[in-house]
Amino acid sequence: MYPQFETDKILVKCHPSPRQLAVEQMEFYAFAHFTVNTFTDKEWGDGNEPETIFDPTALDADQWVDALKAAGAAGLLLTCKHHDGFCLWPSKYTEHCVKNSPFRGGKGDVVREVSDACRKGGIKFGVYLSPWDRNSRLYGQGKAYDDYFCNQLTELCTEYGELFSVWFDGACGEGPNGKKQVYDWDRYYALIRKLQPNAAIAISGPDIRWCGNEAGDTRESEWSVLPTGFDDPDAVAAKSQQADDGKFREKKISETERDLGSRFFLENAAGYAWRPAETDTSIRPGWFYHASEDDKVRSTETLLDIWYRTVGGNSTLLLNIPPDRRGLFHETDVQRLREMGETLRKTFAVNFAETAAITADRDDGYHPAENVRENNYQAYYKPFDGENAVMLTFKLEKPQEVTHVVLKEHIPMSQRIEKYAVEAKLPDGAWRELAKGTTVGYQKIERFEAVRTDALRIRILDSRVCPVLSFVGIY
């Protein structure tokens with residue numbers, strides 16, 4: 001076992017806020033990058049594009065939502081304004097928006113159509129609003145631009161219903177006066193909290209953090225409890241500037257960024273905060289649609305691998321699907337999403353743990369092992385305080401072919417587990433290790449070669465304080 005630190009009892013006091021927990025429980029949601037760049041065939045616009053270039057002739061937000069639901073996505077974030085400053089809604093504060101485009105005869109509102117389609121389809125809606133605006137003459141003028149930005153933020157937060165997320169990437173370039181804008185993040189956050197109190201503020205914000213790359217790479221040990229100030233908005237903005245032209249990058253997480261929350265990493269931290277990870281990546285090489293990439297859409301196998309490493313690795317997955325010039329998700333993208341969803345639904349259709357006999361080698365008498373049968377936070381399994389190594393055994397009704405085990409900690413009581421193993425009982429009575437890992441957090445999914453067994457056990461080998469499990473699934 002690892003040596004105990006005095007800080008361990010402090011660390012477990014860090015837990016998700018209701019808005020953070022709501023996003024973590026969504027697990028998988030989508031991005032839709034759509035603006036004038038779709039029609040100029042660029043990734044970053046310069047802000048001088050004529051509004052008339054934006055003309056999706058067959059926009060169908062219901063088609064977007066249907067495709068996302070087929071994949072299992074629980075929400076959609078729309079790039080309401082990218083760095084080019086073009087607004088997908090008829091903003092009262094700029095002429096660089098859809099009201100001066102041919103879309104719907106100048107009466108269109110893409111944000112309205114997408115938000116309405118999400119609510120109609122039963123998925124959540126969120127907004128991306130770039131703080132960098134290459135079209136606005138106010139950019140770089142301090143408070144004058146902040147007033148402008150907050151006016152647009154107010155439009156999005158008051159006219160399109162409840163938002164699950166407001167997403168900032170922190171991009172910051174020069175304005176027409178040659179100066180960069182110093183963003184008044186505290187003002188932006190306060191406005192969002194007032195107008196959309198249930199919305200998580202993501203990436204350049206206090207609620208959801210960037211995983212650190214756009215390639216879909218993940219950490220073996222992903223912690224949600226981090227030092228306070230680890231990735232403050234200005235630090236995220238600096239990272240954003242490392243991107244060349246917004247193209248999908250193959251950058252992996254560096255070795256120095258692999259450990260963000262171990263006891264040793266946190267031992268001398270001034271404070272701690274719950275900061276769950278989100279992994280954003282695109283189904284195509286670019287973030288916006290390019291016809292030249294129609295044959296470069298990620299395979300179903302690759303998408304599933306990313307899903308397992310993110311959703312199954314204590315991170316949410318934000319997968320970008322860029323609409324084409326028609327205003328539709330391309331047929332290839334739709335097919336990949338459907339195949340992805342079909343595979344996942346088939347894989348997790350039957351949970352053998354639901355009918356298994358579940359026992360633990362110890363519990364506190366109030367929170368028995370039986371509680372891990374239900375996938376919710378109404379009940380949980382817990383041993384006595386101070387017992388950091390425990391074992392849960394699942395006796396199946398009959399021998400089954402098993403390929404997956406899902407573990408979830410009861411994160412309303414923080415993230416505790418540091419080492420575990422999954423084992424199966426063989427016909428000769430011996431136990432074979434199928435998988436092992438470090439952190440669990442919101443969710444850890446272990447995949448392994450099919451094994452036929454009538455019993456499995458989960459061994460929690462070490463934990464910061466006594467482990468608390470909300471769910472175990474066997475598939």
# chains A, B, ... in the order shown; residues from 1 in each chain; ligands from 1

call {"tool": "residues_around", "arguments": {"residues": "A:Asn320", "least_positions_apart": "3", "cutoff": "9 Å", "atoms": "only C-alpha atoms", "output": "ChimeraX atom specification"}}
result
/A:29-33,77,280-284,287-288

call {"tool": "write_last_selection", "arguments": {"atoms": "C-alpha atoms", "output": "PDB file, in the first residue's frame"}}
result
ATOM      1  CA  TYR A  29     -21.733  14.631 -26.218  1.00  0.00           C
ATOM      2  CA  ALA A  30     -20.945  16.336 -29.492  1.00  0.00           C
ATOM      3  CA  PHE A  31     -19.497  19.489 -30.996  1.00  0.00           C
ATOM      4  CA  ALA A  32     -20.736  21.006 -34.255  1.00  0.00           C
ATOM      5  CA  HIS A  33     -18.241  23.410 -35.859  1.00  0.00           C
ATOM      6  CA  LEU A  77     -22.420  22.118 -28.333  1.00  0.00           C
ATOM      7  CA  ASP A 280     -12.376  17.004 -27.342  1.00  0.00           C
ATOM      8  CA  THR A 281     -11.502  15.562 -30.714  1.00  0.00           C
ATOM      9  CA  SER A 282     -12.954  15.484 -34.220  1.00  0.00           C
ATOM     10  CA  ILE A 283     -14.405  12.709 -36.340  1.00  0.00           C
ATOM     11  CA  ARG A 284     -12.366  14.193 -39.218  1.00  0.00           C
ATOM     12  CA  TRP A 287     -12.767  20.849 -37.017  1.00  0.00           C
ATOM     13  CA  PHE A 288     -14.789  22.310 -39.916  1.00  0.00           C
TER      14      PHE A 288
END

call {"tool": "residues_around", "arguments": {"residues": "stretch 420-432 of chain A", "least_positions_apart": "4", "cutoff": "10 Å", "atoms": "only C-alpha atoms", "output": "JSON, numbers by chain"}}
result
{"A": [389, 390, 391, 392, 393, 394, 395, 399, 402, 405, 436, 437, 438, 439, 440, 446, 451, 452, 453, 454, 455, 456, 457, 458, 459, 460, 461, 462, 463]}

call {"tool": "write_last_selection", "arguments": {"atoms": "N, CA and C atoms", "output": "compact mmCIF listing (two decimals), in the first residue's frame"}}
result
# COMPACT_ATOMS: atom_id res chain seq x y z
N ALA A 389 -8.36 -1.58 1.62
CA ALA A 389 -8.23 -2.71 0.68
C ALA A 389 -9.39 -3.68 0.94
N VAL A 390 -10.23 -3.89 -0.08
CA VAL A 390 -11.40 -4.76 0.08
C VAL A 390 -11.59 -5.59 -1.18
N MET A 391 -12.50 -6.57 -1.10
CA MET A 391 -12.77 -7.42 -2.26
C MET A 391 -14.27 -7.68 -2.38
N LEU A 392 -14.79 -7.48 -3.58
CA LEU A 392 -16.18 -7.80 -3.89
C LEU A 392 -16.21 -8.99 -4.83
N THR A 393 -17.09 -9.95 -4.55
CA THR A 393 -17.21 -11.15 -5.37
C THR A 393 -18.60 -11.23 -5.98
N PHE A 394 -18.66 -11.59 -7.27
CA PHE A 394 -19.91 -11.67 -8.02
C PHE A 394 -20.07 -13.11 -8.50
N LYS A 395 -21.06 -13.82 -7.93
CA LYS A 395 -21.36 -15.20 -8.35
C LYS A 395 -22.50 -15.13 -9.36
N PRO A 399 -22.52 -19.91 -15.90
CA PRO A 399 -21.32 -19.46 -16.63
C PRO A 399 -21.69 -18.59 -17.83
N VAL A 402 -17.65 -13.34 -20.66
CA VAL A 402 -17.51 -11.98 -20.13
C VAL A 402 -16.37 -11.27 -20.83
N VAL A 405 -15.90 -5.13 -17.77
CA VAL A 405 -16.30 -4.79 -16.41
C VAL A 405 -16.29 -3.27 -16.27
N LYS A 436 -6.11 -4.77 -14.60
CA LYS A 436 -5.72 -4.04 -13.40
C LYS A 436 -5.58 -2.57 -13.77
N GLY A 437 -5.71 -1.72 -12.78
CA GLY A 437 -5.62 -0.29 -13.06
C GLY A 437 -5.34 0.51 -11.81
N THR A 438 -5.36 1.80 -11.99
CA THR A 438 -5.07 2.71 -10.88
C THR A 438 -6.35 3.46 -10.50
N THR A 439 -6.60 4.59 -11.14
CA THR A 439 -7.75 5.40 -10.77
C THR A 439 -9.05 4.84 -11.37
N VAL A 440 -10.17 5.16 -10.72
CA VAL A 440 -11.50 4.83 -11.22
C VAL A 440 -12.27 6.13 -11.45
N GLU A 446 -13.09 -1.68 -18.18
CA GLU A 446 -12.02 -2.61 -18.54
C GLU A 446 -12.52 -3.55 -19.63
N VAL A 451 -13.75 -14.41 -21.55
CA VAL A 451 -13.46 -15.51 -20.64
C VAL A 451 -14.80 -16.09 -20.18
N ARG A 452 -14.90 -17.40 -20.15
CA ARG A 452 -16.12 -18.04 -19.67
C ARG A 452 -15.96 -18.31 -18.17
N THR A 453 -16.88 -17.79 -17.39
CA THR A 453 -16.74 -17.89 -15.94
C THR A 453 -18.10 -17.79 -15.27
N ASP A 454 -18.18 -18.27 -14.04
CA ASP A 454 -19.40 -18.09 -13.26
C ASP A 454 -19.16 -17.23 -12.03
N ALA A 455 -17.95 -16.63 -11.94
CA ALA A 455 -17.65 -15.77 -10.80
C ALA A 455 -16.53 -14.79 -11.13
N LEU A 456 -16.69 -13.58 -10.71
CA LEU A 456 -15.65 -12.55 -10.83
C LEU A 456 -15.47 -11.87 -9.48
N ARG A 457 -14.31 -11.28 -9.32
CA ARG A 457 -14.12 -10.47 -8.12
C ARG A 457 -13.34 -9.21 -8.45
N ILE A 458 -13.71 -8.17 -7.74
CA ILE A 458 -13.06 -6.86 -7.85
C ILE A 458 -12.24 -6.66 -6.59
N ARG A 459 -10.96 -6.53 -6.75
CA ARG A 459 -10.07 -6.32 -5.59
C ARG A 459 -9.60 -4.87 -5.59
N ILE A 460 -10.03 -4.12 -4.60
CA ILE A 460 -9.52 -2.77 -4.40
C ILE A 460 -8.26 -2.92 -3.56
N LEU A 461 -7.11 -2.66 -4.17
CA LEU A 461 -5.84 -2.93 -3.53
C LEU A 461 -5.33 -1.77 -2.70
N ASP A 462 -5.73 -0.55 -3.07
CA ASP A 462 -5.36 0.61 -2.25
C ASP A 462 -6.28 1.77 -2.58
N SER A 463 -6.47 2.62 -1.59
CA SER A 463 -7.38 3.76 -1.73
C SER A 463 -6.91 4.84 -0.77

call {"tool": "select_by_dssp", "arguments": {"residues": "stretch 342-419 of chain A", "states": "strand (DSSP E)", "output": "short mmCIF file (atom, residue, chain, number, x, y, z; two decimals) with C-alpha atoms, in the first residue's frame"}}
result
data_model
loop_
_atom_site.label_atom_id
_atom_site.label_comp_id
_atom_site.auth_asym_id
_atom_site.auth_seq_id
_atom_site.Cartn_x
_atom_site.Cartn_y
_atom_site.Cartn_z
CA ALA A 357 -25.04 -12.88 -5.87
CA ILE A 358 -22.81 -10.06 -4.61
CA THR A 359 -20.72 -10.25 -1.45
CA ALA A 360 -17.87 -8.28 0.08
CA VAL A 390 -11.40 -4.76 0.08
CA MET A 391 -12.77 -7.42 -2.26
CA LEU A 392 -16.18 -7.80 -3.89
CA THR A 393 -17.21 -11.15 -5.37
CA PHE A 394 -19.91 -11.67 -8.02
CA LYS A 395 -21.36 -15.20 -8.35
CA LEU A 396 -23.19 -15.34 -11.68
CA GLU A 397 -26.41 -17.31 -12.15
CA LYS A 398 -24.62 -19.51 -14.68
CA PRO A 399 -21.32 -19.46 -16.63
CA GLN A 400 -21.16 -16.58 -19.11
CA GLU A 401 -18.78 -15.20 -21.74
CA VAL A 402 -17.51 -11.98 -20.13
CA THR A 403 -15.57 -9.24 -21.94
CA HIS A 404 -16.19 -6.01 -19.99
CA VAL A 405 -16.30 -4.79 -16.41
CA VAL A 406 -17.51 -1.29 -15.50
CA LEU A 407 -16.50 0.36 -12.21
CA LYS A 408 -17.88 3.58 -10.78
CA GLU A 409 -16.89 5.33 -7.60
CA ILE A 417 -9.30 4.41 -5.42
CA GLU A 418 -5.62 4.21 -6.40
CA LYS A 419 -5.17 0.57 -7.37
#

call {"tool": "residues_around", "arguments": {"residues": "A:Val127", "least_positions_apart": "2", "cutoff": "10 Å", "atoms": "only C-alpha atoms", "output": "PDB file with C-alpha atoms, in the first residue's frame"}}
result
ATOM      1  CA  PHE A  31     -19.497  19.489 -30.996  1.00  0.00           C
ATOM      2  CA  ALA A  32     -20.736  21.006 -34.255  1.00  0.00           C
ATOM      3  CA  LEU A  76     -24.659  19.058 -28.540  1.00  0.00           C
ATOM      4  CA  LEU A  77     -22.420  22.118 -28.333  1.00  0.00           C
ATOM      5  CA  LEU A  78     -22.723  24.542 -31.256  1.00  0.00           C
ATOM      6  CA  THR A  79     -20.006  26.992 -32.340  1.00  0.00           C
ATOM      7  CA  CYS A  80     -22.345  29.976 -32.171  1.00  0.00           C
ATOM      8  CA  LYS A  81     -19.423  32.306 -32.944  1.00  0.00           C
ATOM      9  CA  VAL A 111     -28.841  28.677 -32.883  1.00  0.00           C
ATOM     10  CA  SER A 115     -31.483  24.406 -29.726  1.00  0.00           C
ATOM     11  CA  PHE A 125     -27.844  21.991 -25.749  1.00  0.00           C
ATOM     12  CA  LEU A 129     -18.634  31.537 -27.965  1.00  0.00           C
ATOM     13  CA  SER A 130     -15.118  32.484 -28.986  1.00  0.00           C
ATOM     14  CA  LEU A 153     -23.176  36.212 -24.122  1.00  0.00           C
ATOM     15  CA  LEU A 156     -27.159  33.293 -25.930  1.00  0.00           C
ATOM     16  CA  CYS A 157     -27.870  32.764 -22.231  1.00  0.00           C
ATOM     17  CA  TYR A 160     -32.288  29.746 -26.212  1.00  0.00           C
ATOM     18  CA  LEU A 163     -27.768  25.377 -21.443  1.00  0.00           C
ATOM     19  CA  PHE A 164     -25.747  22.469 -20.085  1.00  0.00           C
ATOM     20  CA  SER A 165     -22.400  24.055 -20.963  1.00  0.00           C
ATOM     21  CA  VAL A 166     -20.832  27.349 -22.003  1.00  0.00           C
ATOM     22  CA  TRP A 167     -17.526  26.483 -23.689  1.00  0.00           C
ATOM     23  CA  PHE A 168     -14.522  28.831 -23.989  1.00  0.00           C
ATOM     24  CA  ALA A 199     -24.496  25.491 -16.944  1.00  0.00           C
TER      25      ALA A 199
END

call {"tool": "residues_around", "arguments": {"residues": "A:Ala270", "least_positions_apart": "5", "cutoff": "10 Å", "atoms": "only C-alpha atoms", "output": "JSON, numbers by chain"}}
result
{"A": [227, 228, 229]}

call {"tool": "write_last_selection", "arguments": {"atoms": "C-alpha atoms", "output": "mmCIF file, in the first residue's frame"}}
result
data_model
loop_
_atom_site.group_PDB
_atom_site.id
_atom_site.type_symbol
_atom_site.label_atom_id
_atom_site.label_comp_id
_atom_site.auth_asym_id
_atom_site.auth_seq_id
_atom_site.Cartn_x
_atom_site.Cartn_y
_atom_site.Cartn_z
ATOM 1 C CA PRO A 227 -4.270 21.625 -7.285
ATOM 2 C CA THR A 228 -6.226 24.862 -7.382
ATOM 3 C CA GLY A 229 -5.088 27.092 -10.232
#
